[in-house]
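Text of the file data_39.cif, holding mmCIF, C-alpha atoms (C1' of nucleotides):
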```cif
data_final
#
loop_
_atom_site.label_atom_id
_atom_site.label_comp_id
_atom_site.auth_asym_id
_atom_site.auth_seq_id
_atom_site.Cartn_x
_atom_site.Cartn_y
_atom_site.Cartn_z
CA MET A 1 26.73 22.03 -31.80
CA ARG A 2 24.10 20.74 -29.49
CA THR A 3 23.84 16.95 -29.20
CA ARG A 4 20.83 14.78 -29.63
CA ASP A 5 19.13 13.74 -26.39
CA GLU A 6 18.50 10.02 -26.78
CA ALA A 7 16.29 10.01 -23.73
CA LYS A 8 13.82 12.18 -25.65
CA GLU A 9 13.25 9.67 -28.39
CA VAL A 10 12.84 6.92 -25.81
CA ALA A 11 10.33 9.05 -23.90
CA ILE A 12 8.35 9.75 -27.06
CA ARG A 13 8.21 6.07 -27.98
CA GLU A 14 7.29 4.86 -24.51
CA LYS A 15 4.66 7.47 -23.83
CA ALA A 16 3.13 6.92 -27.26
CA ILE A 17 2.73 3.20 -26.65
CA GLU A 18 1.38 3.86 -23.19
CA MET A 19 -1.17 6.36 -24.46
CA ILE A 20 -2.36 4.20 -27.32
CA VAL A 21 -2.78 1.20 -25.05
CA LYS A 22 -4.58 3.23 -22.41
CA GLU A 23 -6.78 5.46 -24.54
CA GLY A 24 -6.79 3.84 -27.96
CA PHE A 25 -6.20 5.61 -31.24
CA ASP A 26 -9.07 7.91 -30.51
CA GLY A 27 -7.33 9.47 -27.55
CA PHE A 28 -3.95 9.76 -29.20
CA SER A 29 -2.71 13.10 -30.51
CA MET A 30 0.67 14.68 -31.12
CA GLN A 31 -0.02 17.50 -28.71
CA LYS A 32 -1.08 15.19 -25.89
CA LEU A 33 1.96 13.02 -26.59
CA ALA A 34 4.23 16.06 -26.38
CA LYS A 35 2.74 17.03 -23.07
CA ALA A 36 3.09 13.49 -21.70
CA ALA A 37 6.74 13.33 -22.79
CA ASN A 38 7.45 16.85 -21.47
CA ILE A 39 8.59 18.24 -24.79
CA SER A 40 7.34 20.59 -27.44
CA PRO A 41 5.14 19.16 -30.21
CA ALA A 42 7.73 20.32 -32.71
CA THR A 43 10.40 18.14 -31.10
CA ILE A 44 8.55 14.99 -32.09
CA TYR A 45 9.11 16.00 -35.70
CA LEU A 46 12.87 15.95 -35.20
CA TYR A 47 12.73 12.25 -34.46
CA PHE A 48 9.84 11.19 -36.68
CA LYS A 49 8.76 12.45 -40.07
CA ASN A 50 5.13 12.69 -39.05
CA ARG A 51 2.40 10.93 -37.12
CA GLU A 52 2.16 8.01 -39.53
CA ASP A 53 5.91 7.51 -39.49
CA LEU A 54 5.93 7.49 -35.68
CA LEU A 55 3.24 4.82 -35.56
CA ASN A 56 5.05 2.75 -38.18
CA GLN A 57 8.32 2.95 -36.29
CA LEU A 58 6.59 1.80 -33.12
CA TYR A 59 5.03 -1.12 -34.93
CA ILE A 60 8.30 -2.20 -36.51
CA THR A 61 10.29 -1.97 -33.27
CA ILE A 62 7.71 -3.88 -31.28
CA ASP A 63 7.65 -6.55 -33.95
CA GLU A 64 11.45 -6.87 -33.79
CA VAL A 65 11.51 -7.10 -30.00
CA PHE A 66 8.97 -9.89 -30.23
CA SER A 67 11.01 -11.77 -32.82
CA ASP A 68 14.12 -11.54 -30.68
CA SER A 69 12.31 -12.73 -27.56
CA SER A 70 10.72 -15.58 -29.41
CA LEU A 71 13.97 -16.83 -30.92
CA ARG A 72 16.02 -16.66 -27.68
CA GLY A 73 17.74 -20.04 -27.33
CA PHE A 74 15.66 -21.47 -30.15
CA ASP A 75 17.01 -23.67 -32.89
CA PRO A 76 14.84 -25.06 -35.71
CA GLU A 77 16.69 -28.35 -35.31
CA MET A 78 15.26 -28.90 -31.83
CA THR A 79 12.85 -31.78 -31.38
CA PHE A 80 9.24 -30.81 -31.83
CA GLU A 81 8.30 -31.03 -28.18
CA GLU A 82 11.38 -29.25 -26.90
CA GLY A 83 11.16 -26.48 -29.49
CA LEU A 84 7.45 -25.84 -29.13
CA TRP A 85 7.70 -25.65 -25.35
CA LEU A 86 10.54 -23.14 -25.63
CA GLN A 87 8.33 -21.09 -27.94
CA TRP A 88 5.53 -21.15 -25.38
CA LYS A 89 7.85 -20.09 -22.59
CA ASN A 90 9.57 -17.40 -24.65
CA ARG A 91 6.31 -15.91 -25.83
CA PHE A 92 4.79 -16.00 -22.39
CA ASP A 93 7.86 -14.34 -20.88
CA HIS A 94 7.75 -11.73 -23.60
CA HIS A 95 4.18 -10.79 -22.77
CA VAL A 96 5.05 -10.61 -19.10
CA ASN A 97 8.06 -8.37 -19.82
CA TYR A 98 6.23 -6.14 -22.30
CA PRO A 99 2.58 -6.31 -21.32
CA ASN A 100 1.81 -3.20 -23.39
CA HIS A 101 3.09 -4.68 -26.60
CA ILE A 102 0.37 -7.25 -27.17
CA LEU A 103 -2.29 -4.63 -26.46
CA PHE A 104 -0.61 -2.19 -28.82
CA MET A 105 -0.45 -4.85 -31.52
CA GLU A 106 -4.10 -5.70 -31.09
CA GLN A 107 -5.05 -2.11 -31.73
CA PHE A 108 -2.90 -2.12 -34.80
CA ARG A 109 -3.22 -5.44 -36.47
CA SER A 110 -6.43 -4.77 -38.33
CA SER A 111 -5.76 -1.08 -38.65
CA PRO A 112 -5.06 0.28 -42.10
CA LEU A 113 -2.46 2.69 -40.70
CA VAL A 114 0.44 0.33 -41.03
CA ASP A 115 1.57 -0.44 -44.52
CA HIS A 116 1.97 -4.15 -44.00
CA LYS A 117 3.70 -4.57 -47.32
CA ASP A 118 6.67 -2.59 -46.01
CA ILE A 119 7.36 -4.99 -43.20
CA LYS A 120 10.13 -7.33 -44.22
CA ILE A 121 9.68 -11.06 -43.92
CA THR A 122 11.77 -11.85 -40.90
CA LYS A 123 14.18 -14.63 -40.11
CA PHE A 124 11.57 -15.32 -37.48
CA LYS A 125 9.13 -16.64 -40.03
CA ALA A 126 11.85 -18.65 -41.76
CA ALA A 127 12.90 -20.27 -38.49
CA MET A 128 9.33 -21.23 -37.66
CA GLU A 129 8.72 -22.81 -41.04
CA GLN A 130 12.01 -24.70 -40.86
CA PHE A 131 11.10 -25.99 -37.41
CA PHE A 132 7.74 -27.21 -38.65
CA SER A 133 9.09 -28.96 -41.71
CA ASN A 134 11.84 -30.63 -39.66
CA ALA A 135 9.27 -32.04 -37.28
CA ILE A 136 7.27 -33.41 -40.19
CA LYS A 137 10.40 -34.87 -41.81
CA ARG A 138 11.35 -36.64 -38.57
CA GLY A 139 7.84 -38.04 -38.35
CA GLU A 140 7.13 -36.40 -34.99
CA LEU A 141 3.86 -34.90 -36.18
CA THR A 142 0.75 -36.12 -37.89
CA GLU A 143 0.90 -34.55 -41.33
CA LEU A 144 -0.94 -31.28 -41.46
CA PRO A 145 -1.32 -28.14 -43.51
CA LEU A 146 0.84 -25.44 -41.93
CA GLU A 147 -2.11 -23.27 -40.94
CA ILE A 148 -3.73 -26.08 -38.97
CA PHE A 149 -0.48 -26.85 -37.18
CA TRP A 150 -0.14 -23.18 -36.40
CA ALA A 151 -3.70 -22.87 -35.14
CA ILE A 152 -3.43 -25.86 -32.80
CA ALA A 153 0.10 -25.11 -31.65
CA TYR A 154 -0.32 -21.43 -30.81
CA GLY A 155 -4.05 -20.62 -30.72
CA PRO A 156 -4.45 -21.96 -27.17
CA LEU A 157 -1.38 -20.10 -25.93
CA TYR A 158 -2.69 -16.78 -27.17
CA THR A 159 -6.12 -17.37 -25.75
CA LEU A 160 -4.49 -18.06 -22.38
CA ILE A 161 -2.33 -14.97 -22.60
CA LYS A 162 -5.33 -12.83 -23.43
CA PHE A 163 -7.20 -14.15 -20.40
CA HIS A 164 -4.14 -13.34 -18.39
CA MET A 165 -3.91 -9.77 -19.70
CA LEU A 166 -7.60 -9.20 -19.11
CA LYS A 167 -7.75 -10.45 -15.55
CA LYS A 168 -6.44 -7.16 -14.19
CA SER A 169 -9.60 -5.40 -15.29
CA LEU A 170 -11.94 -8.17 -14.18
CA ALA A 171 -12.21 -7.39 -10.50
CA GLY A 172 -13.95 -10.52 -9.30
CA ARG A 173 -12.09 -13.15 -11.28
CA LYS A 174 -8.88 -14.59 -10.04
CA PHE A 175 -6.84 -16.13 -12.80
CA SER A 176 -3.11 -16.11 -12.94
CA LEU A 177 -1.13 -17.93 -15.54
CA THR A 178 1.51 -20.03 -13.83
CA GLU A 179 4.09 -22.07 -15.66
CA ALA A 180 2.40 -25.21 -14.31
CA LYS A 181 -0.89 -24.18 -15.87
CA MET A 182 0.80 -23.42 -19.16
CA ARG A 183 2.44 -26.82 -19.02
CA ASP A 184 -0.95 -28.52 -18.58
CA ALA A 185 -2.30 -26.76 -21.64
CA PHE A 186 0.89 -27.47 -23.54
CA ASN A 187 0.68 -31.19 -22.81
CA LEU A 188 -2.80 -31.29 -24.31
CA VAL A 189 -1.58 -29.52 -27.42
CA VAL A 190 1.24 -32.04 -27.76
CA LYS A 191 -1.27 -34.85 -27.34
CA ALA A 192 -3.23 -33.38 -30.24
CA LEU A 193 -0.29 -32.89 -32.58
CA LYS A 194 1.98 -35.86 -31.93
CA LYS A 195 1.82 -38.89 -34.16
CA MET B 1 -46.42 14.20 -38.08
CA ARG B 2 -43.54 12.92 -40.06
CA THR B 3 -42.56 9.27 -39.47
CA ARG B 4 -39.18 7.88 -38.59
CA ASP B 5 -37.26 6.44 -41.53
CA GLU B 6 -35.96 3.11 -40.30
CA ALA B 7 -33.71 2.80 -43.31
CA LYS B 8 -31.75 5.77 -42.04
CA GLU B 9 -30.77 4.14 -38.79
CA VAL B 10 -29.79 0.99 -40.65
CA ALA B 11 -27.68 3.02 -43.05
CA ILE B 12 -25.96 4.83 -40.20
CA ARG B 13 -25.14 1.57 -38.44
CA GLU B 14 -23.93 -0.24 -41.52
CA LYS B 15 -21.82 2.58 -42.89
CA ALA B 16 -20.30 3.16 -39.44
CA ILE B 17 -19.18 -0.45 -39.16
CA GLU B 18 -17.91 -0.40 -42.71
CA MET B 19 -15.90 2.77 -42.14
CA ILE B 20 -14.38 1.62 -38.87
CA VAL B 21 -13.36 -1.70 -40.36
CA LYS B 22 -11.94 -0.07 -43.47
CA GLU B 23 -10.22 2.99 -42.00
CA GLY B 24 -9.98 2.28 -38.29
CA PHE B 25 -10.98 4.66 -35.54
CA ASP B 26 -8.58 7.20 -36.88
CA GLY B 27 -10.52 7.64 -40.08
CA PHE B 28 -13.94 7.66 -38.48
CA SER B 29 -15.81 10.93 -37.97
CA MET B 30 -19.44 11.93 -37.67
CA GLN B 31 -19.26 14.18 -40.72
CA LYS B 32 -17.72 11.51 -42.92
CA LEU B 33 -20.29 9.04 -41.63
CA ALA B 34 -23.10 11.46 -42.50
CA LYS B 35 -21.73 11.85 -46.00
CA ALA B 36 -21.38 8.09 -46.46
CA ALA B 37 -24.95 7.52 -45.27
CA ASN B 38 -26.30 10.39 -47.37
CA ILE B 39 -27.76 12.32 -44.48
CA SER B 40 -27.03 15.44 -42.49
CA PRO B 41 -24.66 15.16 -39.53
CA ALA B 42 -27.48 16.38 -37.32
CA THR B 43 -29.65 13.42 -38.29
CA ILE B 44 -27.27 11.00 -36.61
CA TYR B 45 -28.09 12.72 -33.34
CA LEU B 46 -31.77 11.86 -33.70
CA TYR B 47 -30.92 8.19 -33.54
CA PHE B 48 -27.91 8.25 -31.20
CA LYS B 49 -27.17 10.47 -28.24
CA ASN B 50 -23.61 11.13 -29.37
CA ARG B 51 -20.57 9.51 -30.87
CA GLU B 52 -19.82 7.35 -27.84
CA ASP B 53 -23.41 6.16 -27.67
CA LEU B 54 -23.35 5.22 -31.36
CA LEU B 55 -20.20 3.15 -30.90
CA ASN B 56 -21.62 1.48 -27.80
CA GLN B 57 -24.85 0.60 -29.61
CA LEU B 58 -22.86 -0.94 -32.45
CA TYR B 59 -20.81 -2.97 -30.01
CA ILE B 60 -23.84 -4.24 -28.14
CA THR B 61 -25.77 -5.16 -31.27
CA ILE B 62 -22.84 -6.98 -32.80
CA ASP B 63 -22.34 -8.87 -29.58
CA GLU B 64 -25.99 -9.92 -29.54
CA VAL B 65 -25.95 -11.07 -33.16
CA PHE B 66 -22.92 -13.20 -32.31
CA SER B 67 -24.63 -14.75 -29.30
CA ASP B 68 -27.68 -15.62 -31.36
CA SER B 69 -25.62 -17.17 -34.14
CA SER B 70 -23.56 -19.15 -31.70
CA LEU B 71 -26.55 -20.59 -29.84
CA ARG B 72 -28.52 -21.58 -32.95
CA GLY B 73 -29.59 -25.22 -32.45
CA PHE B 74 -27.32 -25.49 -29.42
CA ASP B 75 -28.29 -27.19 -26.20
CA PRO B 76 -25.95 -27.42 -23.19
CA GLU B 77 -27.15 -31.00 -22.74
CA MET B 78 -25.57 -32.10 -26.01
CA THR B 79 -22.65 -34.49 -25.84
CA PHE B 80 -19.30 -32.80 -25.72
CA GLU B 81 -18.24 -33.70 -29.22
CA GLU B 82 -21.59 -32.90 -30.82
CA GLY B 83 -21.94 -29.60 -28.96
CA LEU B 84 -18.42 -28.38 -29.57
CA TRP B 85 -18.62 -29.15 -33.27
CA LEU B 86 -21.88 -27.23 -33.53
CA GLN B 87 -20.15 -24.29 -31.85
CA TRP B 88 -17.34 -24.45 -34.37
CA LYS B 89 -19.75 -24.55 -37.28
CA ASN B 90 -21.98 -21.81 -35.89
CA ARG B 91 -19.08 -19.51 -35.19
CA PHE B 92 -17.50 -20.11 -38.54
CA ASP B 93 -20.81 -19.49 -40.33
CA HIS B 94 -21.24 -16.34 -38.32
CA HIS B 95 -17.91 -14.98 -39.44
CA VAL B 96 -18.71 -15.85 -43.03
CA ASN B 97 -22.10 -14.11 -42.80
CA TYR B 98 -20.78 -11.04 -41.00
CA PRO B 99 -17.15 -10.76 -42.01
CA ASN B 100 -17.01 -7.16 -40.77
CA HIS B 101 -18.06 -8.03 -37.26
CA ILE B 102 -14.92 -9.81 -36.15
CA LEU B 103 -12.78 -7.00 -37.56
CA PHE B 104 -14.93 -4.42 -35.81
CA MET B 105 -14.65 -6.31 -32.54
CA GLU B 106 -10.88 -6.55 -32.86
CA GLN B 107 -10.63 -2.78 -33.16
CA PHE B 108 -12.82 -2.45 -30.12
CA ARG B 109 -11.91 -5.15 -27.69
CA SER B 110 -8.92 -3.45 -26.15
CA SER B 111 -10.31 0.01 -26.72
CA PRO B 112 -11.33 1.97 -23.67
CA LEU B 113 -14.33 3.43 -25.50
CA VAL B 114 -16.72 0.72 -24.54
CA ASP B 115 -17.72 0.59 -20.93
CA HIS B 116 -17.39 -3.16 -20.56
CA LYS B 117 -19.01 -3.12 -17.17
CA ASP B 118 -22.29 -2.08 -18.76
CA ILE B 119 -22.50 -5.15 -20.93
CA LYS B 120 -24.80 -7.64 -19.31
CA ILE B 121 -23.64 -11.18 -18.70
CA THR B 122 -25.51 -13.03 -21.37
CA LYS B 123 -27.34 -16.30 -21.41
CA PHE B 124 -24.60 -17.10 -23.88
CA LYS B 125 -22.00 -17.29 -21.17
CA ALA B 126 -24.32 -19.31 -18.92
CA ALA B 127 -25.00 -21.83 -21.69
CA MET B 128 -21.28 -22.28 -22.36
CA GLU B 129 -20.47 -22.87 -18.72
CA GLN B 130 -23.34 -25.32 -18.36
CA PHE B 131 -22.14 -27.21 -21.41
CA PHE B 132 -18.64 -27.45 -20.01
CA SER B 133 -19.69 -28.65 -16.57
CA ASN B 134 -22.05 -31.23 -18.10
CA ALA B 135 -19.21 -32.66 -20.14
CA ILE B 136 -17.05 -32.91 -17.03
CA LYS B 137 -19.88 -34.48 -15.03
CA ARG B 138 -20.42 -37.11 -17.71
CA GLY B 139 -16.70 -37.87 -17.69
CA GLU B 140 -16.25 -36.97 -21.36
CA LEU B 141 -13.34 -34.65 -20.66
CA THR B 142 -10.10 -34.82 -18.78
CA GLU B 143 -10.61 -32.56 -15.80
CA LEU B 144 -9.42 -29.06 -16.50
CA PRO B 145 -9.69 -25.51 -15.27
CA LEU B 146 -12.28 -23.71 -17.38
CA GLU B 147 -9.78 -21.32 -18.93
CA ILE B 148 -7.61 -24.16 -20.22
CA PHE B 149 -10.61 -25.92 -21.69
CA TRP B 150 -11.63 -22.67 -23.33
CA ALA B 151 -8.16 -22.03 -24.72
CA ILE B 152 -7.81 -25.50 -26.26
CA ALA B 153 -11.40 -25.71 -27.47
CA TYR B 154 -11.65 -22.32 -29.17
CA GLY B 155 -8.14 -20.88 -29.54
CA PRO B 156 -7.40 -22.92 -32.68
CA LEU B 157 -10.75 -22.03 -34.25
CA TYR B 158 -10.11 -18.31 -33.88
CA THR B 159 -6.61 -18.57 -35.18
CA LEU B 160 -7.99 -20.34 -38.25
CA ILE B 161 -10.70 -17.76 -38.74
CA LYS B 162 -8.17 -14.95 -38.52
CA PHE B 163 -6.01 -16.59 -41.18
CA HIS B 164 -9.12 -16.87 -43.26
CA MET B 165 -10.08 -13.20 -42.86
CA LEU B 166 -6.53 -12.08 -43.63
CA LYS B 167 -6.04 -14.11 -46.77
CA LYS B 168 -7.88 -11.55 -48.90
CA SER B 169 -5.15 -9.01 -48.28
CA LEU B 170 -2.28 -11.46 -48.70
CA ALA B 171 -2.05 -11.56 -52.45
CA GLY B 172 0.30 -14.51 -52.89
CA ARG B 173 -1.09 -16.90 -50.32
CA LYS B 174 -3.92 -19.21 -51.09
CA PHE B 175 -5.76 -20.35 -48.02
CA SER B 176 -9.45 -21.01 -47.84
CA LEU B 177 -11.14 -22.45 -44.83
CA THR B 178 -13.32 -25.36 -45.95
CA GLU B 179 -15.53 -27.37 -43.61
CA ALA B 180 -13.23 -30.37 -44.23
CA LYS B 181 -10.21 -28.41 -43.03
CA MET B 182 -12.11 -27.20 -39.98
CA ARG B 183 -13.09 -30.80 -39.27
CA ASP B 184 -9.42 -31.87 -39.37
CA ALA B 185 -8.48 -29.21 -36.84
CA PHE B 186 -11.54 -30.03 -34.75
CA ASN B 187 -10.60 -33.71 -34.58
CA LEU B 188 -7.21 -32.79 -33.18
CA VAL B 189 -8.82 -30.61 -30.56
CA VAL B 190 -11.11 -33.45 -29.56
CA LYS B 191 -8.12 -35.75 -29.37
CA ALA B 192 -6.53 -33.30 -26.94
CA LEU B 193 -9.57 -32.83 -24.72
CA LYS B 194 -11.21 -36.25 -24.60
CA LYS B 195 -10.54 -38.56 -21.71
"C1'" DT C 1 -57.20 20.17 -47.47
"C1'" DT C 2 -55.39 21.89 -43.20
"C1'" DC C 3 -52.91 21.44 -39.13
"C1'" DA C 4 -49.82 19.74 -35.72
"C1'" DT C 5 -45.69 17.59 -34.90
"C1'" DA C 6 -41.66 15.07 -35.25
"C1'" DA C 7 -38.02 14.22 -38.79
"C1'" DA C 8 -34.52 16.17 -41.20
"C1'" DT C 9 -31.53 19.66 -42.43
"C1'" DG C 10 -27.30 23.06 -43.52
"C1'" DA C 11 -24.79 26.21 -41.50
"C1'" DA C 12 -22.47 27.63 -37.48
"C1'" DT C 13 -19.55 27.08 -33.08
"C1'" DG C 14 -15.60 26.47 -30.46
"C1'" DA C 15 -12.30 22.95 -29.43
"C1'" DA C 16 -8.74 19.95 -30.84
"C1'" DC C 17 -6.05 18.38 -34.52
"C1'" DA C 18 -1.25 17.72 -37.40
"C1'" DT C 19 2.20 20.28 -38.90
"C1'" DT C 20 5.39 24.43 -39.68
"C1'" DC C 21 8.52 28.11 -38.63
"C1'" DA C 22 11.03 31.98 -36.83
"C1'" DT C 23 13.57 31.99 -32.59
"C1'" DT C 24 16.16 30.51 -28.74
"C1'" DT C 25 19.22 27.26 -26.37
"C1'" DA C 26 22.92 24.04 -25.50
"C1'" DT C 27 27.19 22.06 -26.64
"C1'" DA C 28 31.32 20.17 -29.40
"C1'" DT C 29 34.97 22.26 -31.64
"C1'" DT C 30 38.27 25.87 -32.12
"C1'" DA D 1 36.02 32.45 -24.36
"C1'" DA D 2 34.07 32.58 -29.05
"C1'" DT D 3 31.82 30.40 -32.74
"C1'" DA D 4 29.14 27.43 -35.42
"C1'" DT D 5 25.50 24.31 -35.66
"C1'" DA D 6 21.98 21.25 -34.67
"C1'" DA D 7 18.45 20.58 -30.96
"C1'" DA D 8 14.58 22.36 -29.02
"C1'" DT D 9 10.96 25.42 -28.61
"C1'" DG D 10 6.15 28.09 -28.27
"C1'" DA D 11 3.17 30.20 -30.92
"C1'" DA D 12 0.74 30.20 -35.08
"C1'" DT D 13 -1.66 28.04 -39.33
"C1'" DG D 14 -5.39 26.15 -41.58
"C1'" DT D 15 -8.14 21.96 -41.20
"C1'" DT D 16 -11.25 18.82 -39.29
"C1'" DC D 17 -13.69 17.49 -35.38
"C1'" DA D 18 -18.30 16.65 -32.40
"C1'" DT D 19 -22.19 18.86 -31.43
"C1'" DT D 20 -26.03 22.41 -31.58
"C1'" DC D 21 -29.79 25.12 -33.37
"C1'" DA D 22 -32.97 27.86 -36.03
"C1'" DT D 23 -35.36 26.52 -39.91
"C1'" DT D 24 -37.60 23.61 -43.36
"C1'" DT D 25 -39.93 19.35 -44.78
"C1'" DA D 26 -42.94 15.38 -44.77
"C1'" DT D 27 -46.79 12.97 -43.08
"C1'" DG D 28 -50.58 10.96 -39.85
"C1'" DA D 29 -54.70 12.77 -37.93
"C1'" DA D 30 -58.46 16.14 -38.20
#
```

Same coordinates, now as structure tokens:
Amino acid sequence: MRTRDEAKEVAIREKAIEMIVKEGFDGFSMQKLAKAANISPATIYLYFKNREDLLNQLYITIDEVFSDSSLRGFDPEMTFEEGLWLQWKNRFDHHVNYPNHILFMEQFRSSPLVDHKDIKITKFKAAMEQFFSNAIKRGELTELPLEIFWAIAYGPLYTLIKFHMLKKSLAGRKFSLTEAKMRDAFNLVVKALKK
Amino acid sequence: MRTRDEAKEVAIREKAIEMIVKEGFDGFSMQKLAKAANISPATIYLYFKNREDLLNQLYITIDEVFSDSSLRGFDPEMTFEEGLWLQWKNRFDHHVNYPNHILFMEQFRSSPLVDHKDIKITKFKAAMEQFFSNAIKRGELTELPLEIFWAIAYGPLYTLIKFHMLKKSLAGRKFSLTEAKMRDAFNLVVKALKK
DNA sequence: TTCATAAATGAATGAACATTCATTTATATT
DNA sequence: AATATAAATGAATGTTCATTCATTTATGAA
């Protein structure tokens, strides 16, 4: 029998992400995707049940890749400052390595296409909550509701990353996110959160 | 001659935003919009040149409403703490008054549909930059690149607002954004930014 | 009340859409 | 080399799409 060509599935996935990021959901169709991936439209249906399934698979995979990146070298037992800085670096690196992923996620997050209930609660979330409660227990943080901690700890990072992603399209502006600049922002965040 | 029915344009605009927020771009079509607004598809084309023009008009209007809300009672000469808190309150109120708008904008921001170059640089942006440079001049802030100031000052607010918008769909969670909670987060931000 | 005119329409058009299916093609096993 | 089988296909299906247009409707001005 003929064997499955793994490269085809990879091509479908990559081109799909590329297209959605570049043209939005509006410009995305199965026939255009097939053309971009140099296959027949029918081939897509060998690898994915249908359009919705394809989009869900992309979402889930991208979410997993993010989790893995974010947890690289991370341990919830780390001190607050050490652990949070590693999170900043990991997440920044992730967005540099997969610049399409954050744009893809932005298109998706508020979209009703993904059945959010299906997405399993990851070890990622558990690790983050453990890390937070450890830091409180050790008295490293002023006591805070989790959502306020979260907002102060990561809100600035994401705003910076978004600036960084956008700069390519803003001709005049010159803004590049160096590790030194991130560190400056990080130090302010620590100043806000530390006891 | 027959007169223009203003209510029709309003209905078109409101239903369009509603549909896009509820079903995403995927679920949005001129014929469905016509049905939802109780008019003929052809009528939409009396008020908007075409689909792209309609979406652009929505984007521009929503952006203007946001600017107006944000600048209500604001003066770039305000002290840093007073001015920033007013911004937080104004922006929060805005998202409470127009909960659809932030969701609409999220669908749009990274979308290639809107020709971002066409959108005029608003007095909004000028006022914000003035406010920032005043605060530096007066020595109220540690000296910072604008993008870091921006990230620390507003990143946490938007993360909080997003939590708040999401909570409706997260059955189990109970999180409501009170002014007291906002004030707690705000105080931490001030702690980070003040000299 | 009549007339002129712009608003509003429903039906029609051709293009693009997601998906299916009868064939063809490649390959692992024999 | 022959066979069996799953991969891969291009063309076709019926649906929905954005947009247009000939016609009808409502209303301010006469």

| said: I need the output of the PyMOL selection byres ((chain B) within 9 of (chain C)) for this file as a PyMOL selection string; which residues are they? | reply: chain B and resi 1-5+39-43+46

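Note that the spacing between atom CA of Thr142 of chain A and atom CA of Gln87 of chain B amounts to 24.8 Å.
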
| query | What is the atom CA of Leu54 of chain A-atom CA of Leu103 of chain B distance in Å, reported with one decimal? | reply | 23.7 Å

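Checking A:Tyr45, A:Phe131, A:Trp88, A:Phe25 one by one against DA8 of chain D, counting all atoms listed in the file, you find the shortest gap at A:Tyr45.
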
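Closest to chain A among B:Arg13, B:Arg91, B:Arg51, B:Lys35 is B:Arg51, based on only C-alpha atoms.
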
| Selected by the PyMOL selection byres ((chain D) within 7 of (chain A)) in the shown coordinates: which residues, as a ChimeraX atom specification? | /D:4-9

| note | Between A:Ser29, A:Gln130, A:Gln57, A:Ser70, smallest distance to chain B by only C-alpha atoms belongs to A:Ser29

| request: Compare B:Glu52, B:Glu14, B:Glu9, B:Glu23 by their minimum atom-to-atom distance to chain A, counting all atoms listed in the file, and give me the closest one. | output: B:Glu23

Using all atoms listed in the file, I'd like a table of the residues in chain A that come within 6 Å of chain B; for each, show the closest atom pair and its distance in Å rounded to one decimal, ordered by chain and ascending number, as a tab-separated table.
```
residue	atom	partner	partner_atom	distance
A:Glu23	CA	B:Pro112	CA	5.8
A:Gly24	CA	B:Ser111	CA	5.3
A:Gln107	CA	B:Gln107	CA	5.8
A:Ser111	CA	B:Gly24	CA	5.4
A:Pro112	CA	B:Glu23	CA	5.8
A:Ala151	CA	B:Pro156	CA	4.4
A:Ile152	CA	B:Pro156	CA	4.9
A:Gly155	CA	B:Gly155	CA	4.3
A:Pro156	CA	B:Ala151	CA	4.4
A:Thr159	CA	B:Ala151	CA	5.2
A:Leu160	CA	B:Ala151	CA	5.9
A:Leu188	CA	B:Ala192	CA	5.0
A:Lys191	CA	B:Ala192	CA	5.5
A:Ala192	CA	B:Ala192	CA	4.7
```

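Taking atom CA of Lys137 of chain B and atom CA of Glu81 of chain B as endpoints, the distance between them is 14.3 Å.
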
| Sphere at (14.1, -28.9, -33.9), radius 12 Å, counting only C-alpha atoms (C1' of nucleotides): residues as an MDAnalysis selection string | chainID A and resid 73:87 127:140

Those same residues - C-alpha atoms - I'd like them written as a CSV table (one decimal), keeping the file's coordinate frame.
```
chain,number,residue,atom,x,y,z
A,73,GLY,CA,17.7,-20.0,-27.3
A,74,PHE,CA,15.7,-21.5,-30.2
A,75,ASP,CA,17.0,-23.7,-32.9
A,76,PRO,CA,14.8,-25.1,-35.7
A,77,GLU,CA,16.7,-28.4,-35.3
A,78,MET,CA,15.3,-28.9,-31.8
A,79,THR,CA,12.8,-31.8,-31.4
A,80,PHE,CA,9.2,-30.8,-31.8
A,81,GLU,CA,8.3,-31.0,-28.2
A,82,GLU,CA,11.4,-29.2,-26.9
A,83,GLY,CA,11.2,-26.5,-29.5
A,84,LEU,CA,7.4,-25.8,-29.1
A,85,TRP,CA,7.7,-25.6,-25.4
A,86,LEU,CA,10.5,-23.1,-25.6
A,87,GLN,CA,8.3,-21.1,-27.9
A,127,ALA,CA,12.9,-20.3,-38.5
A,128,MET,CA,9.3,-21.2,-37.7
A,129,GLU,CA,8.7,-22.8,-41.0
A,130,GLN,CA,12.0,-24.7,-40.9
A,131,PHE,CA,11.1,-26.0,-37.4
A,132,PHE,CA,7.7,-27.2,-38.6
A,133,SER,CA,9.1,-29.0,-41.7
A,134,ASN,CA,11.8,-30.6,-39.7
A,135,ALA,CA,9.3,-32.0,-37.3
A,136,ILE,CA,7.3,-33.4,-40.2
A,137,LYS,CA,10.4,-34.9,-41.8
A,138,ARG,CA,11.4,-36.6,-38.6
A,139,GLY,CA,7.8,-38.0,-38.4
A,140,GLU,CA,7.1,-36.4,-35.0
```
